file input_0.cif (mmCIF, C-alpha atoms)
data_coords
loop_
_atom_site.label_atom_id
_atom_site.label_comp_id
_atom_site.auth_asym_id
_atom_site.auth_seq_id
_atom_site.Cartn_x
_atom_site.Cartn_y
_atom_site.Cartn_z
CA MET E 1 -13.90 -17.55 10.70
CA ASN E 2 -15.69 -19.70 8.13
CA THR E 3 -13.10 -21.17 5.75
CA HIS E 4 -14.93 -23.76 3.68
CA GLY E 5 -14.58 -23.60 -0.10
CA HIS E 6 -12.14 -21.18 -1.73
CA GLU E 7 -9.85 -19.01 0.36
CA HIS E 8 -10.29 -16.25 -2.20
CA VAL E 9 -14.03 -15.92 -2.67
CA ILE E 10 -13.66 -13.23 -5.35
CA GLU E 11 -10.98 -13.56 -8.04
CA VAL E 12 -10.68 -11.00 -10.83
CA THR E 13 -8.06 -11.51 -13.54
CA ASP E 14 -7.29 -9.00 -16.31
CA LEU E 15 -10.94 -7.94 -16.31
CA LYS E 16 -12.19 -5.75 -19.17
CA ARG E 17 -15.55 -4.20 -19.96
CA VAL E 18 -16.14 -2.43 -23.26
CA TYR E 19 -19.44 -0.73 -24.08
CA GLY E 20 -20.98 -0.17 -27.51
CA GLY E 21 -18.98 2.37 -29.46
CA GLY E 22 -15.72 1.00 -28.07
CA PHE E 23 -15.71 2.83 -24.72
CA GLU E 24 -13.41 0.92 -22.32
CA ALA E 25 -14.92 1.29 -18.84
CA VAL E 26 -12.66 -1.38 -17.27
CA ARG E 27 -9.20 -1.83 -18.80
CA GLY E 28 -7.66 -5.04 -17.48
CA ILE E 29 -7.81 -5.05 -13.67
CA THR E 30 -6.70 -7.87 -11.35
CA PHE E 31 -7.49 -8.31 -7.64
CA SER E 32 -8.78 -10.92 -5.20
CA VAL E 33 -10.81 -10.81 -1.99
CA ALA E 34 -10.36 -13.36 0.81
CA ARG E 35 -13.18 -14.90 2.82
CA GLY E 36 -14.21 -12.69 5.74
CA GLU E 37 -12.50 -9.60 4.28
CA VAL E 38 -13.89 -6.12 3.60
CA PHE E 39 -12.55 -4.88 0.26
CA ALA E 40 -13.28 -1.31 -0.88
CA LEU E 41 -13.34 -0.12 -4.48
CA LEU E 42 -12.72 3.62 -4.68
CA GLY E 43 -12.49 5.85 -7.70
CA THR E 44 -13.26 9.16 -9.29
CA ASN E 45 -16.55 9.47 -11.22
CA GLY E 46 -16.38 7.31 -14.32
CA ALA E 47 -13.44 5.30 -12.93
CA GLY E 48 -15.19 1.98 -13.60
CA LYS E 49 -16.41 1.05 -10.08
CA THR E 50 -20.03 0.30 -10.99
CA SER E 51 -19.04 -1.43 -14.24
CA THR E 52 -16.73 -3.72 -12.25
CA VAL E 53 -19.29 -4.52 -9.56
CA GLU E 54 -21.95 -5.36 -12.16
CA LEU E 55 -19.60 -7.96 -13.64
CA LEU E 56 -18.96 -9.43 -10.17
CA GLU E 57 -22.72 -9.61 -9.57
CA GLY E 58 -23.18 -11.49 -12.86
CA LEU E 59 -25.33 -8.80 -14.49
CA ALA E 60 -23.21 -8.90 -17.67
CA PRO E 61 -20.38 -11.01 -19.12
CA PRO E 62 -16.89 -9.46 -19.18
CA SER E 63 -15.49 -8.26 -22.51
CA GLY E 64 -12.18 -9.86 -21.55
CA GLY E 65 -10.45 -11.53 -18.62
CA ARG E 66 -12.31 -13.56 -16.03
CA VAL E 67 -14.30 -13.30 -12.80
CA ARG E 68 -14.87 -16.00 -10.20
CA VAL E 69 -17.16 -15.58 -7.19
CA LEU E 70 -17.20 -18.52 -4.76
CA GLY E 71 -15.36 -20.48 -7.44
CA HIS E 72 -18.01 -19.92 -10.14
CA ASP E 73 -18.50 -17.64 -13.13
CA PRO E 74 -21.22 -15.30 -11.79
CA TYR E 75 -22.75 -14.78 -15.25
CA GLU E 76 -22.59 -18.30 -16.72
CA GLU E 77 -23.25 -20.06 -13.40
CA ARG E 78 -25.65 -17.53 -11.92
CA ASP E 79 -27.80 -20.20 -10.22
CA ALA E 80 -24.79 -21.43 -8.23
CA VAL E 81 -23.72 -17.93 -7.13
CA ARG E 82 -26.88 -15.87 -6.67
CA PRO E 83 -28.34 -17.68 -3.61
CA ARG E 84 -25.04 -17.21 -1.73
CA THR E 85 -24.66 -13.47 -2.39
CA GLY E 86 -26.45 -10.33 -1.23
CA VAL E 87 -26.61 -7.08 -3.20
CA MET E 88 -27.36 -3.58 -1.94
CA LEU E 89 -27.85 -1.28 -4.91
CA GLN E 90 -27.53 2.51 -4.93
CA GLU E 91 -31.28 2.79 -5.58
CA GLY E 92 -33.71 0.22 -4.21
CA GLY E 93 -36.91 1.14 -6.10
CA PHE E 94 -39.51 -0.22 -3.64
CA PRO E 95 -43.31 -0.10 -4.17
CA ALA E 96 -44.26 3.08 -2.28
CA GLU E 97 -47.62 1.85 -0.92
CA LEU E 98 -46.32 -1.33 0.75
CA THR E 99 -45.32 -1.25 4.42
CA VAL E 100 -41.76 -2.00 5.46
CA ALA E 101 -42.75 -5.47 6.72
CA GLU E 102 -44.74 -6.24 3.53
CA THR E 103 -41.74 -5.25 1.40
CA VAL E 104 -39.44 -7.60 3.31
CA ARG E 105 -42.03 -10.40 3.20
CA MET E 106 -42.39 -10.00 -0.57
CA TRP E 107 -38.59 -10.09 -1.00
CA ALA E 108 -38.31 -13.10 1.31
CA GLY E 109 -40.62 -15.02 -1.04
CA CYS E 110 -37.93 -14.74 -3.73
CA THR E 111 -35.01 -15.52 -1.38
CA SER E 112 -33.90 -19.04 -0.49
CA GLY E 113 -33.41 -19.58 3.25
CA ALA E 114 -34.67 -16.11 4.16
CA ARG E 115 -34.52 -15.12 7.82
CA PRO E 116 -37.73 -14.05 9.65
CA VAL E 117 -39.02 -10.56 8.74
CA GLY E 118 -38.82 -9.22 12.31
CA GLU E 119 -35.23 -10.40 12.73
CA ALA E 120 -34.21 -8.85 9.39
CA LEU E 121 -35.67 -5.47 10.41
CA GLU E 122 -34.16 -5.55 13.92
CA THR E 123 -30.72 -6.19 12.44
CA VAL E 124 -30.78 -2.82 10.64
CA GLY E 125 -32.67 -0.86 13.34
CA LEU E 126 -36.05 -0.77 11.56
CA GLY E 127 -37.98 -3.00 13.98
CA LYS E 128 -40.24 -0.16 15.13
CA ARG E 129 -40.97 0.96 11.55
CA ALA E 130 -42.43 -2.35 10.31
CA GLY E 131 -45.96 -0.94 9.83
CA VAL E 132 -44.87 2.28 8.10
CA ARG E 133 -45.39 2.67 4.35
CA VAL E 134 -42.20 2.83 2.28
CA LYS E 135 -43.14 6.28 0.91
CA GLN E 136 -43.08 7.67 4.47
CA LEU E 137 -39.51 6.54 5.19
CA SER E 138 -36.62 9.01 5.25
CA GLY E 139 -33.77 8.57 2.78
CA GLY E 140 -31.63 7.04 5.53
CA GLU E 141 -34.38 4.57 6.49
CA ARG E 142 -34.69 3.48 2.86
CA ARG E 143 -30.96 2.71 2.84
CA ARG E 144 -31.48 0.55 5.95
CA LEU E 145 -34.31 -1.27 4.19
CA ASP E 146 -32.00 -1.83 1.19
CA LEU E 147 -29.48 -3.38 3.56
CA ALA E 148 -32.10 -5.57 5.31
CA LEU E 149 -33.09 -7.07 1.93
CA ALA E 150 -29.44 -7.66 0.97
CA LEU E 151 -28.94 -9.59 4.22
CA LEU E 152 -32.17 -11.62 4.07
CA GLY E 153 -30.60 -14.85 2.86
CA GLY E 154 -27.55 -14.72 5.17
CA PRO E 155 -25.17 -14.21 2.22
CA GLU E 156 -21.56 -15.42 2.18
CA VAL E 157 -20.63 -12.52 -0.10
CA LEU E 158 -22.21 -9.09 0.24
CA PHE E 159 -21.96 -6.35 -2.41
CA LEU E 160 -22.56 -2.87 -0.99
CA ASP E 161 -22.81 -0.04 -3.54
CA GLU E 162 -22.45 3.32 -1.70
CA PRO E 163 -24.16 1.88 1.43
CA THR E 164 -24.26 5.05 3.56
CA THR E 165 -25.32 7.65 1.00
CA GLY E 166 -28.13 9.71 2.55
CA LEU E 167 -27.42 8.57 6.13
CA ASP E 168 -26.65 11.03 8.91
CA ALA E 169 -23.44 10.65 10.94
CA GLU E 170 -25.12 8.36 13.51
CA GLY E 171 -26.69 6.15 10.83
CA ARG E 172 -23.34 5.91 9.05
CA ARG E 173 -21.59 4.76 12.24
CA GLU E 174 -24.32 2.18 12.93
CA THR E 175 -23.94 0.81 9.39
CA TRP E 176 -20.17 0.58 9.87
CA ASP E 177 -20.70 -1.40 13.09
CA LEU E 178 -23.05 -3.76 11.25
CA VAL E 179 -20.55 -4.30 8.41
CA ARG E 180 -17.81 -5.06 10.96
CA ALA E 181 -20.07 -7.57 12.73
CA LEU E 182 -20.85 -9.27 9.39
CA ARG E 183 -17.13 -9.50 8.57
CA ASP E 184 -16.36 -10.92 12.02
CA GLY E 185 -19.00 -13.57 11.32
CA GLY E 186 -17.16 -14.61 8.13
CA THR E 187 -19.12 -12.62 5.52
CA THR E 188 -17.02 -11.27 2.66
CA VAL E 189 -17.91 -7.67 1.81
CA LEU E 190 -17.10 -5.80 -1.38
CA LEU E 191 -17.87 -2.14 -0.91
CA THR E 192 -17.91 0.85 -3.23
CA THR E 193 -17.91 4.25 -1.57
CA HIS E 194 -16.98 7.85 -2.29
CA TYR E 195 -16.51 8.50 1.45
CA LEU E 196 -12.78 8.03 1.98
CA GLU E 197 -13.24 7.97 5.76
CA GLU E 198 -15.59 5.02 5.29
CA ALA E 199 -12.93 3.08 3.39
CA GLU E 200 -10.31 3.90 6.05
CA GLU E 201 -12.67 2.75 8.82
CA LEU E 202 -13.90 -0.48 7.22
CA ALA E 203 -11.59 -1.82 4.53
CA ASP E 204 -9.01 -4.51 5.20
CA ARG E 205 -7.72 -3.80 1.70
CA LEU E 206 -8.75 -1.44 -1.09
CA ALA E 207 -8.13 -0.50 -4.70
CA ILE E 208 -8.35 3.00 -6.16
CA LEU E 209 -9.64 2.90 -9.74
CA HIS E 210 -8.89 5.65 -12.22
CA GLU E 211 -10.03 5.56 -15.85
CA GLY E 212 -10.66 1.82 -15.73
CA ARG E 213 -7.34 0.80 -14.19
CA ILE E 214 -6.14 0.19 -10.62
CA ALA E 215 -3.98 3.21 -9.78
CA ALA E 216 -3.17 2.08 -6.21
CA GLY E 217 -4.01 -0.92 -4.04
CA GLY E 218 -3.23 -2.63 -0.74
CA THR E 219 -4.16 -2.04 2.89
CA PRO E 220 -5.22 1.54 3.77
CA ASP E 221 -1.84 1.98 5.51
CA GLU E 222 0.10 0.75 2.48
CA VAL E 223 -1.76 3.12 0.16
CA THR E 224 -1.38 6.14 2.45
CA SER E 225 2.28 5.49 3.38
CA ALA E 226 3.31 6.37 -0.18
CA GLN E 227 2.03 9.90 0.45
CA PRO E 228 3.99 12.56 2.39
CA SER E 229 2.68 14.07 5.62
CA ARG E 230 2.20 17.84 5.71
CA ILE E 231 3.16 20.60 8.12
CA SER E 232 2.03 24.18 7.61
CA PHE E 233 2.56 27.31 9.73
CA GLU E 234 2.99 31.07 9.55
CA LEU E 235 6.54 32.43 9.62
CA PRO E 236 7.11 34.55 12.76
CA GLU E 237 7.39 38.31 12.17
CA GLY E 238 10.89 39.27 11.04
CA TYR E 239 11.86 35.72 10.06
CA PHE E 240 12.33 34.21 6.62
CA LEU E 241 12.50 30.67 5.20
CA GLY E 242 16.32 30.76 5.35
CA ASP E 243 16.16 31.30 9.12
CA LEU E 244 14.61 27.86 9.66
CA PRO E 245 16.80 24.79 10.25
CA ALA E 246 18.07 23.16 7.03
CA LEU E 247 14.90 21.52 5.69
CA GLY E 248 16.79 18.49 4.32
CA GLU E 249 18.12 17.74 7.81
CA LEU E 250 14.54 17.73 9.09
CA GLY E 251 13.57 15.09 6.53
CA VAL E 252 11.54 17.55 4.43
CA VAL E 253 11.14 16.42 0.81
CA GLY E 254 9.33 19.48 -0.55
CA HIS E 255 8.04 22.90 0.46
CA GLU E 256 5.99 25.88 -0.74
CA VAL E 257 5.82 29.43 0.56
CA ASP E 258 2.64 31.46 0.10
CA GLY E 259 3.12 34.93 1.61
CA ARG E 260 3.97 34.23 5.27
CA THR E 261 2.61 30.65 5.13
CA VAL E 262 5.08 27.80 4.80
CA ARG E 263 3.96 24.28 3.79
CA LEU E 264 6.35 21.36 4.22
CA ARG E 265 6.06 17.78 2.94
CA THR E 266 7.82 14.92 4.72
CA HIS E 267 7.85 11.14 5.08
CA GLU E 268 9.31 11.55 8.60
CA LEU E 269 6.61 13.53 10.38
CA GLN E 270 7.89 13.19 13.95
CA ARG E 271 11.46 14.17 13.01
CA ALA E 272 10.34 17.21 11.00
CA ALA E 273 7.80 18.43 13.58
CA THR E 274 10.21 17.94 16.49
CA GLY E 275 13.03 19.83 14.74
CA LEU E 276 10.69 22.69 13.90
CA LEU E 277 9.27 22.98 17.43
CA VAL E 278 12.72 22.80 19.07
CA TRP E 279 13.88 25.62 16.75
CA ALA E 280 10.81 27.72 17.66
CA ARG E 281 11.36 27.14 21.38
CA ASP E 282 15.07 28.10 21.18
CA ALA E 283 14.26 31.17 19.05
CA ARG E 284 11.44 32.04 21.52
CA VAL E 285 8.92 32.47 18.74
CA GLU E 286 5.42 31.12 18.21
CA LEU E 287 4.51 29.20 15.05
CA ARG E 288 1.03 30.54 14.43
CA ARG E 289 -1.61 28.54 12.53
CA LEU E 290 0.48 25.40 13.01
CA ASP E 291 -1.17 22.41 11.30
CA VAL E 292 0.46 18.97 11.41
CA ARG E 293 -1.31 16.44 9.21
CA PRO E 294 -0.27 12.81 8.69
CA ALA E 295 -0.60 11.18 5.28
CA SER E 296 -4.19 10.18 4.57
CA LEU E 297 -6.20 8.19 2.09
CA GLU E 298 -7.61 11.51 0.89
CA GLU E 299 -4.09 12.70 0.02
CA ALA E 300 -3.47 9.46 -1.90
CA PHE E 301 -6.79 9.78 -3.73
CA LEU E 302 -6.27 13.44 -4.63
CA GLY E 303 -2.68 12.68 -5.62
CA ILE E 304 -3.85 10.05 -8.13
CA ALA E 305 -6.55 12.33 -9.55
CA GLY E 306 -4.12 15.28 -9.64
CA ARG E 307 -1.34 13.34 -11.38
CA ALA E 308 -3.82 12.05 -13.95
CA SER E 309 -5.12 15.57 -14.64
CA ALA E 310 -1.58 16.91 -15.03
CA LEU E 311 -0.69 14.05 -17.39
CA ALA E 312 -3.82 14.70 -19.49
CA ALA E 313 -2.95 18.41 -19.66
CA ARG E 314 0.62 17.59 -20.80
CA LYS E 315 -0.69 15.19 -23.48
CA GLU E 316 -2.98 17.95 -24.76
CA GLU E 317 -0.06 20.39 -24.93
CA VAL E 318 2.06 17.87 -26.84
CA GLY E 319 -0.81 17.17 -29.23
CA ALA E 320 -1.52 20.87 -29.76
#
call {"tool": "encode", "arguments": {"input": "input_0.cif", "output": "structure tokens"}}
result
Amino acid sequence: MNTHGHEHVIEVTDLKRVYGGGFEAVRGITFSVARGEVFALLGTNGAGKTSTVELLEGLAPPSGGRVRVLGHDPYEERDAVRPRTGVMLQEGGFPAELTVAETVRMWAGCTSGARPVGEALETVGLGKRAGVRVKQLSGGERRRLDLALALLGGPEVLFLDEPTTGLDAEGRRETWDLVRALRDGGTTVLLTTHYLEEAEELADRLAILHEGRIAAGGTPDEVTSAQPSRISFELPEGYFLGDLPALGELGVVGHEVDGRTVRLRTHELQRAATGLLVWARDARVELRRLDVRPASLEEAFLGIAGRASALAARKEEVGA
């Protein structure tokens, strides 16, 4: 792995961004990204993801706090940072009449140390589409072209804003493989995505933003381990909740009953599931519609959004 320069190539300290009218989009967030790491920023709509990334890219100065990319202020020292970074925006906005190869050639003219056009297109699987006009590309192919341009200069730091939007399942997997290969080559990747599976697959570490603050952060495992796993099943005919083994002894921390359906929450999935299945075997009953689900990033994400909604509702009640 390439280790020259700063170990942390992105450093964000108490970062704030306030828009005209006093709207606080980013409310004092702190995180760092190491060289050769994939870091994912997740968040509900309006959480502050894009506002944060724009500050990292040097498109605006922060309202408070500080940002360093490759040891430099990306806004004040743009000339020192820009040639070493690549940016893939949500919308590329290419001239429709140019061919794919012409588009890359035009972009290469503005990029220091640009790789050959053919190589850039082969990297993202567009080699055979070089002569096609941009307007004839599918949405997924346009995303690949976006990525080819972001990679033209062999960037040390790559910003990917929703990189697989519009791609089919195969295209998404190919993009993931490419991101992994870039990381293995020492490229640092900061990724925003609303696909939680994408963050689980790619991110070494992540932060979940909510209303301009970091609500949870760490490795995907660290973020998900705070959430309980879930077991749901249908009570056998003639049985009731009280007929089950003592839920506390199974490591169950919460439960709901909806008609005949029982839902259990536990931080000890194997213990709870084993106890339940041994009971069913001994009672000679079948647990229909049995669903055993480990804690997931989705649960963590929904938990944060749900807690925030409940808190907002309580504040409204108090204020009423």
call {"tool": "closest_atom_pairs", "arguments": {"input": "input_0.cif", "of": "region 148-240 of chain E", "to": "region 31-39 of chain E", "cutoff": "7 Å", "atoms": "all atoms listed in the file", "output": "Markdown table"}}
result
| residue | atom | partner | partner_atom | distance |
| --- | --- | --- | --- | --- |
| E:Arg183 | CA | E:Gly36 | CA | 5.2 |
| E:Asp184 | CA | E:Gly36 | CA | 6.9 |
| E:Gly186 | CA | E:Gly36 | CA | 4.3 |
| E:Thr187 | CA | E:Gly36 | CA | 4.9 |
| E:Thr188 | CA | E:Gly36 | CA | 4.4 |
| E:Val189 | CA | E:Val38 | CA | 4.7 |
| E:Leu190 | CA | E:Phe39 | CA | 4.9 |
| E:Leu191 | CA | E:Phe39 | CA | 6.1 |
| E:Leu202 | CA | E:Val38 | CA | 6.7 |
| E:Ala203 | CA | E:Val38 | CA | 5.0 |
| E:Asp204 | CA | E:Val38 | CA | 5.4 |
| E:Arg205 | CA | E:Phe39 | CA | 5.2 |
| E:Leu206 | CA | E:Phe39 | CA | 5.3 |
call {"tool": "atom_distance", "arguments": {"input": "input_0.cif", "atom1": "CA of Glu201 (chain E)", "atom2": "CA of Glu119 (chain E)"}}
result
26.4 Å
call {"tool": "atom_distance", "arguments": {"input": "input_0.cif", "atom1": "CA of Val9 (chain E)", "atom2": "CA of Ser51 (chain E)"}}
result
19.2 Å
call {"tool": "resolve_selection", "arguments": {"input": "input_0.cif", "expression": "the PyMOL selection byres ((chain E and resi 86) around 9)", "output": "ChimeraX atom specification"}}
result
/E:82-85,87-88,147,149-160
call {"tool": "write_last_selection", "arguments": {"input": "input_0.cif", "atoms": "C-alpha atoms", "output": "short mmCIF file (atom, residue, chain, number, x, y, z; two decimals), in the frame of the given file"}}
result
data_model
loop_
_atom_site.label_atom_id
_atom_site.label_comp_id
_atom_site.auth_asym_id
_atom_site.auth_seq_id
_atom_site.Cartn_x
_atom_site.Cartn_y
_atom_site.Cartn_z
CA ARG E 82 -26.88 -15.87 -6.67
CA PRO E 83 -28.34 -17.68 -3.61
CA ARG E 84 -25.04 -17.21 -1.73
CA THR E 85 -24.66 -13.47 -2.39
CA VAL E 87 -26.61 -7.08 -3.20
CA MET E 88 -27.36 -3.58 -1.94
CA LEU E 147 -29.48 -3.38 3.56
CA LEU E 149 -33.09 -7.07 1.93
CA ALA E 150 -29.44 -7.66 0.97
CA LEU E 151 -28.94 -9.59 4.22
CA LEU E 152 -32.17 -11.62 4.07
CA GLY E 153 -30.60 -14.85 2.86
CA GLY E 154 -27.55 -14.72 5.17
CA PRO E 155 -25.17 -14.21 2.22
CA GLU E 156 -21.56 -15.42 2.18
CA VAL E 157 -20.63 -12.52 -0.10
CA LEU E 158 -22.21 -9.09 0.24
CA PHE E 159 -21.96 -6.35 -2.41
CA LEU E 160 -22.56 -2.87 -0.99
#
call {"tool": "closest_residue", "arguments": {"input": "input_0.cif", "among": "E:Pro236, E:Ala226, E:Glu299, E:Leu137", "to": "His267 (chain E)", "atoms": "all atoms listed in the file"}}
result
E:Ala226
call {"tool": "resolve_selection", "arguments": {"input": "input_0.cif", "expression": "the PyMOL selection byres ((chain E and resi 78) around 12)", "output": "list in words"}}
result
Leu55, Leu56, Glu57, Gly58, Leu59, Ala60, Pro61, Arg68, Val69, Leu70, Gly71, His72, Asp73, Pro74, Tyr75, Glu76, Glu77, Asp79, Ala80, Val81, Arg82, Pro83, Arg84 and Thr85 of chain E
call {"tool": "closest_residue", "arguments": {"input": "input_0.cif", "among": "E:Pro62, E:Pro228, E:Gly242, E:Gly166", "to": "Leu15 (chain E)", "atoms": "all atoms listed in the file"}}
result
E:Pro62
